[in-house]
Amino acid sequence: MEISVKCFYAVLGWVLWCTLHSALISTTVTDFAKKKLGGGFRFYRLFYNVVSLVTLIPLVYYSHTLREAPIFRWEGSLGIVQVFLLAVSVYLFVAGGKHYSWARFWGLSQIKAGGAGSSLDDSSTFVVSGIHRIIRHPWYLGGILIVWAQDMSASTILINMVISVYFMIGAVLEERKLVIEFGEKYREYQRSVSMLFPWRWLKARIEGG
């Protein structure tokens, strides 16, 4: 599997973007920002999203300019698997989004209320419903599925590996914040519901639970 210079730059760009994206939302950086910004910290979530989006667009564009020959194609009967993976990923995004507040996701609720909670739900209490009874992070799993459900060249495979690791690290970082925010309630949730793949849910269905 040959790696071109452009491919190297693309993979490096994704590594840097994922590192920056994770670092800006880490507890170390956010705690530091809280101390320095004071009341201005309510704008941090919006700032984080804008920076992430502005830096992501040129990276996605550059990655699509590589134009490498695919090593793997979803052809023939595999096309059904590809459609299934894409359908599952869309379902995970839609089902997961029902539990979240988009105003809080973008940081608008925090600006209005002056708060900065880790949860994307407007409620101050921890409630589990819908898809979150099956897996804890439907959006991360949906993201992993959607990046792999495409024809893959050498650069695509490497980039997908970086993105997949990023999603898994992102889930771990998010959970640290949720444990701080909700304490033992979230720890109990971790013990009863799988993080990404619904192993516990499937086991319960098989056992008739």
# chains A, B, ... in the order shown; residues from 1 in each chain; ligands from 1
call {"tool": "residues_around", "arguments": {"residues": "A:Ile134", "least_positions_apart": "2", "cutoff": "10 Å", "atoms": "only C-alpha atoms", "output": "VMD selection string"}}
result
chain A and resid 128 to 132 136 to 138 192 to 202
call {"tool": "residues_around", "arguments": {"residues": "A:Ala69", "least_positions_apart": "6", "cutoff": "9 Å", "atoms": "only C-alpha atoms", "output": "list of chain:residue names"}}
result
A:Met152, A:Ser153, A:Ala154
call {"tool": "residues_around", "arguments": {"residues": "A:Tyr48", "least_positions_apart": "5", "cutoff": "9 Å", "atoms": "only C-alpha atoms", "output": "PyMOL selection string"}}
result
chain A and resi 21+24-25+43+53+106-107
call {"tool": "write_last_selection", "arguments": {"atoms": "N, CA and C atoms", "output": "tab-separated table (two decimals), in the first residue's frame"}}
result
chain	number	residue	atom	x	y	z
A	21	HIS	N	-9.25	19.16	18.16
A	21	HIS	CA	-10.66	19.06	18.52
A	21	HIS	C	-10.84	18.44	19.90
A	24	LEU	N	-9.29	20.89	22.78
A	24	LEU	CA	-10.09	22.08	23.11
A	24	LEU	C	-11.27	21.76	24.03
A	25	ILE	N	-11.73	20.51	24.02
A	25	ILE	CA	-12.88	20.14	24.84
A	25	ILE	C	-12.47	19.31	26.05
A	43	PHE	N	-19.35	31.56	26.16
A	43	PHE	CA	-19.18	31.58	24.70
A	43	PHE	C	-18.26	30.47	24.20
A	53	LEU	N	-15.47	23.64	12.85
A	53	LEU	CA	-16.07	23.64	11.52
A	53	LEU	C	-15.19	24.34	10.50
A	106	TRP	N	-24.75	23.62	20.02
A	106	TRP	CA	-24.01	24.70	19.38
A	106	TRP	C	-23.50	25.76	20.36
A	107	GLY	N	-24.00	25.70	21.60
A	107	GLY	CA	-23.53	26.64	22.62
A	107	GLY	C	-24.43	27.83	22.83
call {"tool": "atom_distance", "arguments": {"atom1": "atom CA of A:Asn49", "atom2": "atom CA of A:Phe105"}}
result
8.7 Å
call {"tool": "closest_residue", "arguments": {"among": "A:Ser4, A:Asn160, A:Ser109, A:Gln190", "to": "A:Leu66", "atoms": "only C-alpha atoms"}}
result
A:Ser4
call {"tool": "select_by_dssp", "arguments": {"residues": "stretch 2-202 of chain A", "states": "helix (DSSP H, G or I)", "output": "ChimeraX atom specification"}}
result
/A:5-24,27-64,78-97,102-106,108-113,130-133,138-148,154-182,184-192,199-202
call {"tool": "write_last_selection", "arguments": {"atoms": "C-alpha atoms", "output": "CSV table (one decimal), in the first residue's frame"}}
result
chain,number,residue,atom,x,y,z
A,5,VAL,CA,3.1,12.8,-0.2
A,6,LYS,CA,-0.5,14.2,-0.5
A,7,CYS,CA,-1.8,11.2,1.3
A,8,PHE,CA,0.7,11.8,4.1
A,9,TYR,CA,-0.3,15.4,4.4
A,10,ALA,CA,-4.0,14.5,4.5
A,11,VAL,CA,-3.5,11.9,7.2
A,12,LEU,CA,-1.3,14.3,9.2
A,13,GLY,CA,-4.0,17.0,8.8
A,14,TRP,CA,-6.6,14.7,10.2
A,15,VAL,CA,-4.3,13.7,13.1
A,16,LEU,CA,-3.8,17.4,13.9
A,17,TRP,CA,-7.5,18.2,13.6
A,18,CYS,CA,-8.6,15.4,15.8
A,19,THR,CA,-5.9,16.3,18.4
A,20,LEU,CA,-7.0,19.9,18.4
A,21,HIS,CA,-10.7,19.1,18.5
A,22,SER,CA,-10.2,16.7,21.5
A,23,ALA,CA,-7.8,19.1,23.3
A,24,LEU,CA,-10.1,22.1,23.1
A,27,THR,CA,-11.3,19.1,31.1
A,28,THR,CA,-7.7,20.4,31.4
A,29,VAL,CA,-8.3,23.1,28.7
A,30,THR,CA,-11.9,23.9,29.7
A,31,ASP,CA,-11.1,24.2,33.4
A,32,PHE,CA,-8.2,26.6,32.5
A,33,ALA,CA,-10.6,28.6,30.2
A,34,LYS,CA,-13.1,28.8,33.0
A,35,LYS,CA,-10.6,30.4,35.3
A,36,LYS,CA,-9.3,32.8,32.7
A,37,LEU,CA,-12.5,33.8,31.0
A,38,GLY,CA,-14.9,33.9,33.9
A,39,GLY,CA,-18.4,34.8,32.7
A,40,GLY,CA,-17.1,34.9,29.1
A,41,PHE,CA,-16.7,31.1,29.3
A,42,ARG,CA,-20.4,30.8,28.3
A,43,PHE,CA,-19.2,31.6,24.7
A,44,TYR,CA,-16.6,28.8,24.7
A,45,ARG,CA,-18.9,26.0,23.3
A,46,LEU,CA,-19.8,28.2,20.3
A,47,PHE,CA,-16.2,29.2,19.8
A,48,TYR,CA,-15.2,25.5,19.9
A,49,ASN,CA,-17.8,24.6,17.3
A,50,VAL,CA,-16.9,27.4,15.0
A,51,VAL,CA,-13.2,26.7,15.1
A,52,SER,CA,-13.9,23.0,14.6
A,53,LEU,CA,-16.1,23.6,11.5
A,54,VAL,CA,-13.8,26.3,9.9
A,55,THR,CA,-10.8,24.0,10.2
A,56,LEU,CA,-12.7,20.9,9.1
A,57,ILE,CA,-14.0,22.2,5.8
A,58,PRO,CA,-10.6,22.7,4.0
A,59,LEU,CA,-9.4,19.4,5.4
A,60,VAL,CA,-12.4,17.5,4.0
A,61,TYR,CA,-11.9,19.3,0.7
A,62,TYR,CA,-8.2,18.5,0.5
A,63,SER,CA,-8.9,14.8,1.3
A,64,HIS,CA,-11.4,14.5,-1.5
A,78,LEU,CA,-21.6,-6.1,-0.5
A,79,GLY,CA,-23.6,-3.1,-1.8
A,80,ILE,CA,-26.5,-4.4,0.5
A,81,VAL,CA,-24.1,-4.3,3.4
A,82,GLN,CA,-23.1,-0.8,2.5
A,83,VAL,CA,-26.7,0.4,2.4
A,84,PHE,CA,-27.4,-1.3,5.7
A,85,LEU,CA,-24.4,0.4,7.4
A,86,LEU,CA,-25.5,3.8,6.0
A,87,ALA,CA,-29.1,3.2,7.1
A,88,VAL,CA,-28.0,2.3,10.6
A,89,SER,CA,-25.7,5.3,10.8
A,90,VAL,CA,-28.6,7.7,9.8
A,91,TYR,CA,-30.8,6.0,12.4
A,92,LEU,CA,-28.2,6.5,15.1
A,93,PHE,CA,-27.8,10.2,14.3
A,94,VAL,CA,-31.6,10.8,14.2
A,95,ALA,CA,-32.4,8.7,17.3
A,96,GLY,CA,-29.5,10.2,19.2
A,97,GLY,CA,-30.4,13.7,18.2
A,102,TRP,CA,-29.3,21.5,19.4
A,103,ALA,CA,-29.2,24.9,21.0
A,104,ARG,CA,-27.0,23.4,23.7
A,105,PHE,CA,-24.9,21.5,21.2
A,106,TRP,CA,-24.0,24.7,19.4
A,108,LEU,CA,-26.5,29.0,22.3
A,109,SER,CA,-28.2,27.8,25.5
A,110,GLN,CA,-25.0,28.4,27.4
A,111,ILE,CA,-24.7,31.9,26.1
A,112,LYS,CA,-28.3,32.7,27.1
A,113,ALA,CA,-28.2,31.0,30.5
A,130,GLY,CA,-34.6,5.9,23.5
A,131,ILE,CA,-31.4,4.7,21.7
A,132,HIS,CA,-29.4,5.6,24.9
A,133,ARG,CA,-30.9,2.5,26.6
A,138,PRO,CA,-25.0,6.6,19.1
A,139,TRP,CA,-23.4,9.6,17.3
A,140,TYR,CA,-19.9,8.2,17.7
A,141,LEU,CA,-20.9,4.8,16.4
A,142,GLY,CA,-22.8,6.4,13.6
A,143,GLY,CA,-19.7,8.4,12.7
A,144,ILE,CA,-17.6,5.3,12.6
A,145,LEU,CA,-20.0,3.4,10.5
A,146,ILE,CA,-20.5,6.2,7.9
A,147,VAL,CA,-16.7,6.7,7.3
A,148,TRP,CA,-16.2,3.0,6.7
A,154,ALA,CA,-4.9,3.7,0.8
A,155,SER,CA,-5.5,7.2,2.1
A,156,THR,CA,-9.1,6.6,2.9
A,157,ILE,CA,-8.2,3.6,5.1
A,158,LEU,CA,-5.6,5.5,7.0
A,159,ILE,CA,-7.9,8.6,7.5
A,160,ASN,CA,-10.7,6.3,8.6
A,161,MET,CA,-8.4,4.7,11.2
A,162,VAL,CA,-7.5,8.2,12.5
A,163,ILE,CA,-11.2,9.2,12.6
A,164,SER,CA,-12.3,6.0,14.3
A,165,VAL,CA,-9.6,6.3,17.0
A,166,TYR,CA,-10.7,10.0,17.4
A,167,PHE,CA,-14.3,9.0,18.0
A,168,MET,CA,-13.3,6.4,20.6
A,169,ILE,CA,-11.1,8.9,22.4
A,170,GLY,CA,-13.9,11.5,22.2
A,171,ALA,CA,-16.3,9.1,23.8
A,172,VAL,CA,-13.9,8.5,26.7
A,173,LEU,CA,-13.3,12.2,27.2
A,174,GLU,CA,-17.0,13.0,27.1
A,175,GLU,CA,-17.6,10.3,29.7
A,176,ARG,CA,-15.1,11.8,32.1
A,177,LYS,CA,-17.1,15.0,32.0
A,178,LEU,CA,-20.4,13.2,32.4
A,179,VAL,CA,-19.1,11.4,35.5
A,180,ILE,CA,-18.0,14.7,37.0
A,181,GLU,CA,-21.4,16.2,36.2
A,182,PHE,CA,-23.7,13.3,37.2
A,184,GLU,CA,-22.7,7.7,40.6
A,185,LYS,CA,-25.8,7.9,38.4
A,186,TYR,CA,-23.6,8.0,35.3
A,187,ARG,CA,-21.3,5.3,36.6
A,188,GLU,CA,-24.3,3.0,37.1
A,189,TYR,CA,-25.3,3.8,33.5
A,190,GLN,CA,-21.8,2.8,32.3
A,191,ARG,CA,-22.1,-0.5,34.1
A,192,SER,CA,-25.5,-1.3,32.5
A,199,TRP,CA,-23.1,-6.0,23.6
A,200,ARG,CA,-25.1,-5.8,26.8
A,201,TRP,CA,-28.3,-5.1,25.0
A,202,LEU,CA,-27.8,-8.1,22.7
call {"tool": "atom_distance", "arguments": {"atom1": "atom CA of A:Lys98", "atom2": "atom CA of A:Ile135"}}
result
14.3 Å
call {"tool": "select_by_dssp", "arguments": {"residues": "chain A", "states": "strand (DSSP E or B)", "output": "PyMOL selection string"}}
result
chain A and resi 72+135+152+194
call {"tool": "atom_distance", "arguments": {"atom1": "atom CA of A:Trp74", "atom2": "atom CA of A:Gln150"}}
result
7.0 Å
